[in-house]
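Undergrad: Input file: work27.txt. Contents: compact mmCIF, C-alpha atoms and all ligand atoms.
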# COMPACT_ATOMS: atom_id res chain seq x y z
CA MET A 1 0.00 0.00 0.00
CA THR A 2 1.44 3.39 -0.97
CA GLU A 3 1.10 6.29 1.42
CA LEU A 4 -0.62 9.41 0.12
CA PRO A 5 1.69 12.45 0.27
CA LEU A 6 0.79 14.83 3.06
CA LEU A 7 -1.13 17.80 1.68
CA MET A 8 0.42 21.03 2.94
CA LEU A 9 -1.56 24.25 3.06
CA HIS A 10 -0.11 27.51 1.81
CA ALA A 11 0.32 30.60 4.00
CA ASP A 12 1.95 33.90 3.10
CA THR A 13 3.67 34.13 6.49
CA LEU A 14 4.22 31.88 9.48
CA LEU A 15 5.19 33.23 12.91
CA HIS A 16 6.78 30.79 15.38
CA ALA A 17 6.29 32.50 18.74
CA ARG A 18 7.70 31.70 22.19
CA TRP A 19 4.74 33.47 23.84
CA VAL A 20 1.47 34.79 22.43
CA ILE A 21 -0.81 37.26 24.19
CA THR A 22 -3.95 37.17 22.05
CA MET A 23 -5.87 39.79 24.10
CA GLN A 24 -8.95 37.66 23.62
CA PRO A 25 -11.01 38.14 26.79
CA HIS A 26 -10.35 35.47 29.43
CA GLN A 27 -7.48 33.88 27.47
CA GLY A 28 -4.14 33.67 29.25
CA VAL A 29 -0.64 33.74 27.77
CA LEU A 30 -0.06 30.93 25.23
CA GLU A 31 3.34 29.31 24.74
CA HIS A 32 5.11 27.88 21.67
CA GLN A 33 2.50 28.86 19.10
CA ILE A 34 2.43 29.16 15.31
CA ILE A 35 0.35 31.86 13.62
CA ALA A 36 -0.46 31.56 9.90
CA ILE A 37 -1.18 34.72 7.87
CA THR A 38 -2.62 34.89 4.35
CA ASP A 39 -4.01 37.85 2.41
CA GLY A 40 -3.55 40.17 5.39
CA ARG A 41 -5.53 38.04 7.83
CA ILE A 42 -4.80 35.48 10.52
CA VAL A 43 -5.97 32.22 8.97
CA ASP A 44 -4.83 29.75 11.61
CA MET A 45 -3.24 29.65 15.04
CA GLY A 46 -2.32 26.86 17.40
CA PRO A 47 0.31 25.01 19.45
CA ARG A 48 3.55 24.42 17.54
CA LYS A 49 3.39 20.65 17.94
CA GLU A 50 -0.03 20.54 16.25
CA MET A 51 0.69 23.13 13.55
CA LEU A 52 4.15 21.92 12.50
CA GLY A 53 4.09 20.54 8.94
CA ARG A 54 0.59 21.85 8.23
CA TYR A 55 1.74 24.92 6.26
CA MET A 56 4.23 25.91 3.62
CA ALA A 57 4.92 29.62 3.77
CA GLY A 58 6.63 32.29 1.70
CA HIS A 59 8.07 33.91 4.84
CA GLU A 60 8.80 32.32 8.20
CA TYR A 61 9.87 34.15 11.34
CA PHE A 62 11.36 32.27 14.29
CA LEU A 63 10.64 34.43 17.33
CA GLU A 64 12.28 32.30 19.97
CA HIS A 65 12.60 34.89 22.73
CA HIS A 66 9.63 37.03 21.76
CA VAL A 67 6.14 37.88 22.87
CA VAL A 68 3.78 38.15 19.92
CA MET A 69 0.68 40.27 20.46
CA PRO A 70 -1.77 42.56 18.64
CA GLY A 71 -0.28 45.82 17.37
CA LEU A 72 -0.60 48.76 19.75
CA VAL A 73 -3.33 51.31 19.01
CA ASN A 74 -2.48 54.93 19.76
CA ALA A 75 -6.00 56.32 20.10
CA HIS A 76 -5.15 60.04 20.14
CA GLY A 77 -2.49 62.30 18.69
CA HIS A 78 -1.57 65.14 16.37
CA SER A 79 1.22 63.57 14.33
CA PRO A 80 2.64 66.68 12.59
CA MET A 81 3.30 68.25 16.01
CA THR A 82 6.10 65.71 16.38
CA LEU A 83 8.20 68.46 14.79
CA LEU A 84 7.62 70.48 18.00
CA ARG A 85 8.99 67.78 20.31
CA GLY A 86 10.81 69.61 23.11
CA TYR A 87 10.06 73.03 21.63
CA ALA A 88 8.09 74.27 24.66
CA ASP A 89 8.09 72.44 27.98
CA ASP A 90 7.23 73.11 31.61
CA LEU A 91 4.44 75.58 30.87
CA PRO A 92 0.73 75.48 31.76
CA LEU A 93 -1.80 74.82 28.97
CA ARG A 94 -2.81 78.38 28.02
CA PRO A 95 0.66 80.07 27.94
CA TRP A 96 2.02 76.91 26.29
CA LEU A 97 -0.58 77.20 23.51
CA GLU A 98 -0.82 80.99 23.19
CA GLN A 99 2.84 81.97 23.57
CA LYS A 100 4.61 79.02 22.00
CA ILE A 101 2.63 76.39 20.05
CA TRP A 102 0.12 78.55 18.15
CA PRO A 103 2.71 81.18 17.06
CA ALA A 104 5.03 78.41 15.81
CA GLU A 105 2.19 76.73 13.93
CA GLY A 106 1.05 80.11 12.57
CA LYS A 107 4.46 80.63 11.05
CA TRP A 108 5.33 77.15 9.80
CA LEU A 109 2.09 75.23 9.22
CA GLY A 110 1.60 74.02 5.64
CA GLU A 111 1.49 70.85 3.59
CA ASP A 112 5.27 70.21 3.70
CA TYR A 113 5.40 70.69 7.47
CA VAL A 114 2.44 68.31 7.97
CA ALA A 115 3.93 65.67 5.66
CA ALA A 116 7.35 65.78 7.38
CA GLY A 117 5.83 65.64 10.88
CA ALA A 118 3.48 62.80 9.97
CA ARG A 119 6.34 60.75 8.50
CA LEU A 120 8.47 61.29 11.62
CA ALA A 121 5.54 60.23 13.83
CA ILE A 122 4.77 57.17 11.71
CA ALA A 123 8.42 56.05 11.83
CA GLU A 124 8.57 56.45 15.62
CA MET A 125 5.24 54.70 16.16
CA LEU A 126 6.03 51.73 13.92
CA LEU A 127 9.46 51.18 15.54
CA GLY A 128 7.73 51.21 18.95
CA GLY A 129 5.05 48.66 18.00
CA THR A 130 2.10 50.93 17.18
CA THR A 131 0.20 49.66 14.16
CA SER A 132 -2.84 52.00 14.25
CA PHE A 133 -3.25 55.59 15.33
CA THR A 134 -5.92 58.24 15.50
CA ASP A 135 -4.86 61.69 14.40
CA MET A 136 -6.50 65.11 14.60
CA TYR A 137 -4.73 67.82 12.63
CA PHE A 138 -4.92 70.27 9.72
CA PHE A 139 -4.37 68.86 6.22
CA PRO A 140 -5.68 65.38 7.09
CA ASP A 141 -5.51 64.65 3.35
CA VAL A 142 -1.71 65.06 3.52
CA ILE A 143 -1.53 62.82 6.60
CA ALA A 144 -3.70 60.24 4.80
CA ALA A 145 -1.23 60.18 1.91
CA ALA A 146 1.67 59.63 4.36
CA VAL A 147 -0.26 56.81 6.08
CA ASP A 148 -1.14 55.23 2.75
CA ALA A 149 2.51 55.22 1.63
CA SER A 150 3.76 53.84 4.96
CA GLY A 151 1.55 50.73 5.11
CA MET A 152 0.30 51.76 8.58
CA ARG A 153 -3.35 52.00 9.70
CA ALA A 154 -5.03 55.21 10.89
CA GLN A 155 -8.24 56.95 11.74
CA LEU A 156 -8.00 60.58 10.63
CA ALA A 157 -10.21 63.03 12.52
CA SER A 158 -10.76 65.92 10.13
CA PRO A 159 -10.71 69.08 12.28
CA VAL A 160 -13.70 71.37 12.86
CA PHE A 161 -13.56 74.81 14.51
CA ASP A 162 -15.85 77.85 14.58
CA PHE A 163 -13.04 80.15 13.43
CA PRO A 164 -10.94 80.25 10.27
CA THR A 165 -7.56 78.54 10.05
CA ILE A 166 -5.26 77.58 7.22
CA TRP A 167 -7.45 74.49 6.61
CA ALA A 168 -10.92 76.09 6.32
CA GLY A 169 -12.75 79.39 6.73
CA SER A 170 -15.97 78.39 8.46
CA ALA A 171 -17.55 75.50 10.37
CA ASP A 172 -19.47 74.52 7.23
CA GLU A 173 -16.30 74.40 5.18
CA TYR A 174 -14.55 72.21 7.80
CA ILE A 175 -17.53 69.83 7.84
CA GLY A 176 -17.67 69.76 4.03
CA LYS A 177 -13.98 68.91 3.85
CA ALA A 178 -14.43 66.13 6.43
CA THR A 179 -17.30 64.49 4.51
CA ARG A 180 -15.38 64.72 1.22
CA LEU A 181 -12.34 63.08 2.84
CA PHE A 182 -14.65 60.40 4.25
CA ASP A 183 -15.99 59.73 0.73
CA GLN A 184 -12.49 59.60 -0.70
CA TYR A 185 -11.31 56.93 1.76
CA ARG A 186 -14.52 55.02 2.48
CA HIS A 187 -13.25 51.88 0.73
CA HIS A 188 -9.60 52.16 1.79
CA GLU A 189 -8.53 49.08 3.70
CA ARG A 190 -6.29 50.91 6.22
CA ILE A 191 -7.64 54.46 6.49
CA THR A 192 -10.88 55.61 8.11
CA VAL A 193 -12.06 59.19 8.50
CA ALA A 194 -13.87 60.71 11.48
CA PHE A 195 -15.16 64.17 12.37
CA GLY A 196 -12.72 66.01 14.63
CA PRO A 197 -14.61 68.85 16.34
CA HIS A 198 -11.67 70.21 18.32
CA ALA A 199 -13.36 70.75 21.73
CA PRO A 200 -16.66 71.94 23.21
CA TYR A 201 -15.18 75.43 23.71
CA THR A 202 -14.04 75.87 20.08
CA VAL A 203 -17.17 74.56 18.29
CA SER A 204 -20.62 76.10 18.79
CA ASP A 205 -24.02 74.40 18.98
CA GLU A 206 -25.08 74.57 15.34
CA PRO A 207 -22.06 72.81 13.77
CA LEU A 208 -22.09 70.25 16.61
CA ARG A 209 -25.77 69.46 15.85
CA LYS A 210 -24.90 69.09 12.19
CA ILE A 211 -22.01 66.73 13.03
CA ALA A 212 -24.32 64.64 15.24
CA VAL A 213 -26.80 64.21 12.36
CA LEU A 214 -24.15 63.44 9.72
CA SER A 215 -22.34 61.05 12.06
CA GLU A 216 -25.51 59.01 12.47
CA GLU A 217 -26.53 59.15 8.80
CA LEU A 218 -23.11 58.17 7.44
CA ASP A 219 -21.91 56.15 10.45
CA ILE A 220 -18.79 58.32 10.91
CA GLY A 221 -16.92 58.49 14.21
CA ILE A 222 -16.53 61.72 16.19
CA HIS A 223 -13.20 62.38 17.91
CA MET A 224 -13.12 65.32 20.34
CA HIS A 225 -11.17 66.75 23.29
CA VAL A 226 -13.69 66.76 26.19
CA HIS A 227 -13.22 67.92 29.80
CA GLU A 228 -9.47 68.42 29.32
CA ASN A 229 -9.03 70.60 32.38
CA SER A 230 -10.95 72.46 35.09
CA ASP A 231 -10.85 75.81 33.22
CA GLU A 232 -12.88 74.24 30.42
CA ILE A 233 -15.57 73.25 32.92
CA SER A 234 -15.80 76.62 34.67
CA GLU A 235 -15.86 78.56 31.37
CA ALA A 236 -18.63 76.28 30.03
CA GLN A 237 -20.67 76.80 33.17
CA LEU A 238 -20.39 80.58 32.72
CA LYS A 239 -21.12 80.52 28.98
CA HIS A 240 -23.68 77.72 28.67
CA GLY A 241 -24.85 77.26 32.25
CA MET A 242 -23.80 73.62 32.23
CA ARG A 243 -20.80 71.29 32.06
CA PRO A 244 -19.62 70.33 28.54
CA LEU A 245 -20.69 66.66 28.72
CA LYS A 246 -24.25 67.70 29.57
CA ARG A 247 -24.24 70.11 26.63
CA LEU A 248 -22.96 67.36 24.30
CA LYS A 249 -25.80 65.14 25.50
CA GLN A 250 -28.34 67.87 24.75
CA LEU A 251 -26.85 68.26 21.28
CA GLU A 252 -27.24 64.47 20.82
CA LEU A 253 -23.54 63.87 20.34
CA LEU A 254 -23.20 61.16 22.96
CA SER A 255 -23.26 57.79 21.21
CA PRO A 256 -21.00 54.78 20.54
CA ARG A 257 -19.53 56.82 17.67
CA LEU A 258 -18.11 59.48 20.06
CA GLN A 259 -14.51 59.26 21.29
CA CYS A 260 -13.95 61.69 24.21
CA VAL A 261 -10.27 62.55 24.66
CA HIS A 262 -8.71 63.36 28.08
CA VAL A 263 -11.83 63.52 30.31
CA THR A 264 -9.88 64.53 33.41
CA GLN A 265 -12.87 66.13 35.14
CA LEU A 266 -15.62 63.64 35.90
CA LEU A 267 -18.55 63.51 38.30
CA ASP A 268 -20.06 60.15 39.18
CA ASP A 269 -23.22 60.81 37.18
CA GLU A 270 -21.10 61.72 34.15
CA ILE A 271 -19.49 58.26 34.30
CA TRP A 272 -23.00 56.79 34.01
CA LEU A 273 -23.82 59.21 31.19
CA LEU A 274 -20.84 57.88 29.25
CA LYS A 275 -21.74 54.28 30.09
CA GLU A 276 -25.39 54.63 29.02
CA SER A 277 -24.48 56.35 25.75
CA GLY A 278 -21.73 53.88 24.80
CA ALA A 279 -19.28 56.76 24.21
CA HIS A 280 -15.56 55.97 24.53
CA VAL A 281 -12.88 57.66 26.63
CA ILE A 282 -9.33 58.14 25.36
CA HIS A 283 -6.97 58.39 28.32
CA CYS A 284 -3.76 60.41 27.71
CA PRO A 285 -1.93 60.19 31.05
CA ALA A 286 1.45 61.69 30.08
CA SER A 287 -0.03 64.73 28.36
CA ASN A 288 -2.49 65.32 31.21
CA LEU A 289 0.36 65.19 33.73
CA LYS A 290 2.78 67.30 31.72
CA LEU A 291 0.28 70.12 31.21
CA ALA A 292 -0.97 69.72 34.80
CA ASN A 293 -4.52 69.16 33.53
CA GLY A 294 -5.56 66.56 36.11
CA THR A 295 -6.02 62.82 35.70
CA CYS A 296 -8.67 60.61 34.18
CA ARG A 297 -10.60 58.22 36.49
CA ALA A 298 -9.71 55.32 34.21
CA ALA A 299 -10.29 52.55 36.76
CA ASP A 300 -13.73 53.92 37.74
CA LEU A 301 -14.70 54.21 34.07
CA LEU A 302 -13.58 50.65 33.34
CA ALA A 303 -15.39 49.35 36.43
CA ALA A 304 -18.58 51.06 35.22
CA GLY A 305 -18.21 49.37 31.82
CA VAL A 306 -17.02 52.37 29.79
CA ASN A 307 -14.53 51.55 27.06
CA VAL A 308 -11.23 53.31 27.87
CA ALA A 309 -8.51 53.42 25.21
CA LEU A 310 -5.07 54.98 25.45
CA GLY A 311 -3.37 57.78 23.51
CA THR A 312 -0.08 59.64 23.69
CA ASP A 313 -1.47 63.00 22.49
CA SER A 314 1.06 65.04 20.53
CA CYS A 315 4.82 65.04 20.96
CA ALA A 316 4.58 68.69 22.01
CA SER A 317 2.94 67.61 25.27
CA ASN A 318 4.30 64.10 25.92
CA ASN A 319 7.16 64.12 24.43
CA SER A 320 7.12 60.74 22.76
CA LEU A 321 4.75 58.41 20.93
CA ASP A 322 5.81 55.39 22.99
CA MET A 323 2.70 53.36 23.80
CA LEU A 324 4.54 50.89 26.07
CA SER A 325 5.58 53.81 28.30
CA GLU A 326 2.07 55.23 28.11
CA LEU A 327 0.40 52.01 29.26
CA ARG A 328 2.92 51.64 32.09
CA LEU A 329 2.20 55.20 33.19
CA ALA A 330 -1.55 54.55 33.04
CA ALA A 331 -1.18 51.50 35.28
CA LEU A 332 1.10 53.24 37.82
CA LEU A 333 -0.96 56.42 37.90
CA SER A 334 -4.15 54.53 38.59
CA LYS A 335 -2.55 52.71 41.52
CA GLY A 336 -1.33 55.99 42.95
CA ASN A 337 -4.61 57.82 42.47
CA CYS A 338 -6.72 55.01 43.88
CA GLU A 339 -4.20 54.14 46.64
CA ASP A 340 -4.78 50.56 45.52
CA ALA A 341 -1.94 48.46 44.06
CA SER A 342 -4.45 46.17 42.34
CA SER A 343 -5.95 49.06 40.35
CA LEU A 344 -5.48 48.80 36.56
CA PRO A 345 -3.44 45.56 36.46
CA ALA A 346 -0.97 44.81 33.66
CA ARG A 347 -3.44 42.95 31.49
CA ASP A 348 -6.04 45.75 31.66
CA ALA A 349 -3.35 48.28 30.69
CA LEU A 350 -2.42 46.09 27.69
CA ALA A 351 -6.12 45.86 26.73
CA MET A 352 -6.43 49.66 26.82
CA ALA A 353 -3.53 49.87 24.36
CA THR A 354 -4.93 47.24 21.96
CA LEU A 355 -8.49 45.90 21.96
CA ASN A 356 -10.05 48.98 23.59
CA GLY A 357 -8.40 51.23 21.01
CA ALA A 358 -9.80 49.11 18.18
CA ARG A 359 -13.24 49.29 19.84
CA ALA A 360 -13.07 53.10 20.08
CA MET A 361 -12.37 53.25 16.32
CA GLY A 362 -15.34 50.93 15.65
CA LEU A 363 -12.97 48.23 14.38
CA GLU A 364 -13.22 45.71 17.22
CA SER A 365 -14.56 42.95 14.95
CA ARG A 366 -11.47 43.25 12.70
CA LEU A 367 -8.66 44.42 15.00
CA GLY A 368 -7.30 44.54 18.53
CA SER A 369 -6.84 40.83 19.30
CA LEU A 370 -5.20 37.84 17.65
CA GLU A 371 -7.97 35.57 16.36
CA THR A 372 -8.52 33.55 13.21
CA GLY A 373 -10.25 35.79 10.69
CA LYS A 374 -9.00 39.07 12.15
CA LEU A 375 -6.60 41.38 10.33
CA ALA A 376 -2.92 40.58 10.83
CA ASP A 377 -1.80 43.71 12.74
CA ILE A 378 0.79 42.00 14.92
CA ILE A 379 3.98 42.89 16.78
CA ALA A 380 6.85 40.90 18.28
CA ILE A 381 8.82 42.09 21.29
CA ASP A 382 12.21 40.53 22.01
CA LEU A 383 12.54 39.78 25.72
CA ASN A 384 16.13 38.51 25.41
CA HIS A 385 17.45 41.61 27.14
CA PRO A 386 18.67 42.28 30.69
CA ARG A 387 15.78 44.63 31.46
CA THR A 388 13.23 41.89 30.68
CA GLN A 389 14.78 38.82 32.34
CA PRO A 390 13.71 36.61 33.94
CA VAL A 391 10.17 36.25 32.60
CA TYR A 392 7.51 34.96 35.01
CA ASP A 393 4.46 36.55 33.39
CA PRO A 394 4.92 38.12 29.93
CA CYS A 395 1.97 40.51 30.54
CA SER A 396 3.74 41.86 33.59
CA THR A 397 7.09 42.01 31.74
CA LEU A 398 5.54 44.06 28.94
CA ALA A 399 3.62 46.41 31.19
CA TYR A 400 6.33 47.09 33.77
CA SER A 401 9.72 46.34 32.16
CA ALA A 402 9.85 46.29 28.37
CA ALA A 403 11.07 49.23 26.27
CA ALA A 404 9.79 50.32 22.87
CA SER A 405 13.25 49.58 21.45
CA GLN A 406 12.64 45.87 22.13
CA VAL A 407 9.90 45.76 19.47
CA SER A 408 11.63 43.77 16.73
CA HIS A 409 8.89 43.05 14.16
CA VAL A 410 5.69 44.76 13.09
CA TRP A 411 3.09 43.58 10.59
CA VAL A 412 0.12 45.62 9.41
CA ASN A 413 -2.47 43.90 7.23
CA GLY A 414 0.03 41.03 7.07
CA GLN A 415 2.75 43.23 5.55
CA ALA A 416 6.07 43.27 7.44
CA LEU A 417 6.75 46.97 8.12
CA VAL A 418 9.49 46.40 10.72
CA VAL A 419 11.89 43.44 10.50
CA ASP A 420 14.72 43.02 13.02
CA HIS A 421 14.14 46.57 14.33
CA LYS A 422 14.38 48.12 10.83
CA LEU A 423 11.68 49.87 8.80
CA THR A 424 11.05 48.12 5.49
CA GLN A 425 8.94 50.76 3.72
CA MET A 426 10.52 54.02 4.88
CA ASP A 427 13.98 55.54 4.59
CA LEU A 428 14.63 56.29 8.26
CA ALA A 429 17.77 58.38 7.61
CA GLN A 430 15.78 60.59 5.24
CA VAL A 431 12.90 60.97 7.76
CA ILE A 432 15.35 62.01 10.50
CA GLU A 433 17.23 64.41 8.21
CA GLU A 434 13.93 66.02 7.19
CA ALA A 435 12.96 66.48 10.87
CA ARG A 436 16.39 67.89 11.69
CA ARG A 437 16.05 70.48 8.90
CA TRP A 438 12.61 71.53 10.12
CA GLY A 439 13.85 71.75 13.71
CA ALA A 440 16.78 73.94 12.69
CA GLY A 441 14.48 76.25 10.72
CA ILE A 442 11.97 76.56 13.54
CA ALA A 443 14.70 77.23 16.12
CA ALA A 444 16.34 79.88 13.93
CA GLY A 445 13.18 81.59 12.77
CA LEU A 446 11.35 82.32 15.99
ZN ZN B 501 -4.97 66.34 21.69
Re-express the file's structure as C-alpha cells.
Ligand SMILES: [Zn+2]
TA:
Amino acid sequence: MTELPLLMLHADTLLHARWVITMQPHQGVLEHQIIAITDGRIVDMGPRKEMLGRYMAGHEYFLEHHVVMPGLVNAHGHSPMTLLRGYADDLPLRPWLEQKIWPAEGKWLGEDYVAAGARLAIAEMLLGGTTSFTDMYFFPDVIAAAVDASGMRAQLASPVFDFPTIWAGSADEYIGKATRLFDQYRHHERITVAFGPHAPYTVSDEPLRKIAVLSEELDIGIHMHVHENSDEISEAQLKHGMRPLKRLKQLELLSPRLQCVHVTQLLDDEIWLLKESGAHVIHCPASNLKLANGTCRAADLLAAGVNVALGTDSCASNNSLDMLSELRLAALLSKGNCEDASSLPARDALAMATLNGARAMGLESRLGSLETGKLADIIAIDLNHPRTQPVYDPCSTLAYSAAASQVSHVWVNGQALVVDHKLTQMDLAQVIEEARRWGAGIAAGL
C-alpha cells in the first residue's frame, strides 16, 4: 500500500512565537505557538506541535525569545506636532498654547510641514510597535497620503472649529472637507475618517448638531477633546450654564460613535452618562500630567463598563509616541490615584492599548486581538534583554519592564513593516534628516 503524500496548506507568512498574548477576553498567555497569515488576515493559530508541517509559507519568522501580540493602538495624537517635540516644555496649557505652540504653527504650518511631521511620527510609532493611530490635525488629506505610503493604519479626525484657520474658513467648510475626505477613503482598507470637532469650547451648537446628524446618517466616528481641564468646565458653566458633557448630551452627540479625549474632570453621574451612551474615553496620562490638567478616572470608568482606550497625544505635550511607556504610566498612575496596588493591572493596561483602542475606532470585529479571521496587525517584542529577564508573566514584563526599542517586528495587514528593528517601507535616515532640517528652521526663525 502506498502512502498518500501529506497535503500542505499555503500561507503567506508563518510566525513561530515563544509566547502569544492574544488579548482575547479570558485567554491567558499561550506558549510555543504558530500563527499563519494569508491575504492580510490570521488564517490559523495553534500550538507548535499541532501546527508543525501543516503549512508551507513564503516567509517564516522564528521568534524564539519574543512575545507576539496585537499591534498597539495609539488612540489620540496630532502627528505633525512631532516636529515640536521639546520646543516648549514646563508651561501650563494656556501660555504653552498661546505663547509658543500657536505662534510656531502660525508661522510654519503648511502641507510640507504636515507631511514631514506625519512621517516622523509614523516612523517612531512603527518602531515602537504601534500599528494604528488616530490623528487630529490640519491637512488630514496630507496625513492620509503619508499613512497610505507607509503601510500603517489610521483613523484621521478631520478638524472642525468655529473660526478660520489655514485648513478652512468656516464650520461649514470644515464639515464639508471632512465628509469629502470620508468619501475619498470610504473603501480604503487601512484608512478611516472621522469628524474632529476640536473641543466643546471651540465649536458652537449649530455645527455640533450638524455633526451629530451626519455622524448618524453616514456612520462616521466623532473624535473630540472633552473635559481636558478644570478651566474648560468653569468657562462652560459661565457661557452655557452647564458642564460640557451635559451640553454634548443635549446636542445628541453622545453615542458609541463618540470618542472623548482626556476627560480629566468627571462627576459620578457623568461616568454613568458615558456608560449609558456607549461613548468611549481616550486616556492620555502623560499629556495630562505634563500640562498639569488633572487625571482621568480610568479605573472607575472601566469598572462602570465604559470603554477606555489609550493615547499619547502630541509630541509637544508628551514628548514621545511610545505606547509601552504610556500604558505603564496609566497602570502606575491609577494605583497611585486610587491608593490601591491592584488598580489597573498589567493585562487591563495592555487591553487599553490594543483591543479597547480598536473598539473606540469601531474596528473591534477586525482588530485589537489575535484571532482567526482578524486582520494581521501583529507585533513581536524581544525579551532577550537584561531589562526583561527573567520572565515569570509576559503581561507583567511588557507592562512594567519592556522598552519600545525591544519591538523587533511589526506587521500591518500582514505586511512586514518592521523586521529586526528596521523599517522596510521608509527611509529612516531621510525621515530624520527632514525632521532635523525643520527643527533647525523653527529654532532659527522664531
Ligand atoms: Zn490632543
Undergrad: Taking all atoms listed in the file into account, which residues have an atom no farther than 7 Å from ligand ZN 501 (chain B)? I'd like them as a PyMOL selection string.
TA: chain A and resi 76-78+225+313-314
Undergrad: Kindly indicate which residue among A:Val308, A:Ala316, A:Ala104, A:Leu218 lies nearest to Asn356 of chain A, using all atoms listed in the file for the distances.
TA: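 Selected residue with least distance to Asn356 of chain A: A:Val308.
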Undergrad: Residues within 6 Å of Gly373 of chain A, please, as a list of chain:residue names. Count all atoms listed in the file; anything in the same chain fewer than 4 positions from it doesn't count.
TA: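 Contacts, in chain order: A:Arg41, A:Ile42, A:Val43.
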Undergrad: May I have the residues within 8 Å of segment 293-305 of chain A as a list in words, using only C-alpha atoms and disregarding those fewer than 3 positions away in the same chain?
TA: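 Answer for this query is Leu93, Glu228, Asn229, Ser230, His262, Val263, Thr264, Gln265, Leu266, Ile271, Trp272, Lys275, His283, Pro285, Asn288, Leu289, Lys290, Val308, Ser334, Ser343 and Leu344 of chain A.
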Undergrad: Those selected residues, please, written with C-alpha atoms and delivered as a tab-separated table (two decimals), in the frame of the given file.
TA:
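Result written to selection.tsv:
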chain	number	residue	atom	x	y	z
A	93	LEU	CA	-1.80	74.82	28.97
A	228	GLU	CA	-9.47	68.42	29.32
A	229	ASN	CA	-9.03	70.60	32.38
A	230	SER	CA	-10.95	72.46	35.09
A	262	HIS	CA	-8.71	63.36	28.08
A	263	VAL	CA	-11.83	63.52	30.31
A	264	THR	CA	-9.88	64.53	33.41
A	265	GLN	CA	-12.87	66.13	35.14
A	266	LEU	CA	-15.62	63.64	35.90
A	271	ILE	CA	-19.49	58.26	34.30
A	272	TRP	CA	-23.00	56.79	34.01
A	275	LYS	CA	-21.74	54.28	30.09
A	283	HIS	CA	-6.97	58.39	28.32
A	285	PRO	CA	-1.93	60.19	31.05
A	288	ASN	CA	-2.49	65.32	31.21
A	289	LEU	CA	0.36	65.19	33.73
A	290	LYS	CA	2.78	67.30	31.72
A	308	VAL	CA	-11.23	53.31	27.87
A	334	SER	CA	-4.15	54.53	38.59
A	343	SER	CA	-5.95	49.06	40.35
A	344	LEU	CA	-5.48	48.80	36.56
Undergrad: Can you tell me, as a CSV table (one decimal) with C-alpha atoms, in the coordinates of the input, which residues sit within 10 Å of (6.5, 59.3, 22.1) in the file's frame, using all atoms listed in the file?
TA:
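And here's part-v9.csv as it stands now:
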chain,number,residue,atom,x,y,z
A,82,THR,CA,6.1,65.7,16.4
A,85,ARG,CA,9.0,67.8,20.3
A,121,ALA,CA,5.5,60.2,13.8
A,124,GLU,CA,8.6,56.4,15.6
A,125,MET,CA,5.2,54.7,16.2
A,128,GLY,CA,7.7,51.2,19.0
A,286,ALA,CA,1.4,61.7,30.1
A,312,THR,CA,-0.1,59.6,23.7
A,313,ASP,CA,-1.5,63.0,22.5
A,314,SER,CA,1.1,65.0,20.5
A,315,CYS,CA,4.8,65.0,21.0
A,316,ALA,CA,4.6,68.7,22.0
A,317,SER,CA,2.9,67.6,25.3
A,318,ASN,CA,4.3,64.1,25.9
A,319,ASN,CA,7.2,64.1,24.4
A,320,SER,CA,7.1,60.7,22.8
A,321,LEU,CA,4.8,58.4,20.9
A,322,ASP,CA,5.8,55.4,23.0
A,323,MET,CA,2.7,53.4,23.8
A,324,LEU,CA,4.5,50.9,26.1
A,325,SER,CA,5.6,53.8,28.3
A,326,GLU,CA,2.1,55.2,28.1
A,404,ALA,CA,9.8,50.3,22.9
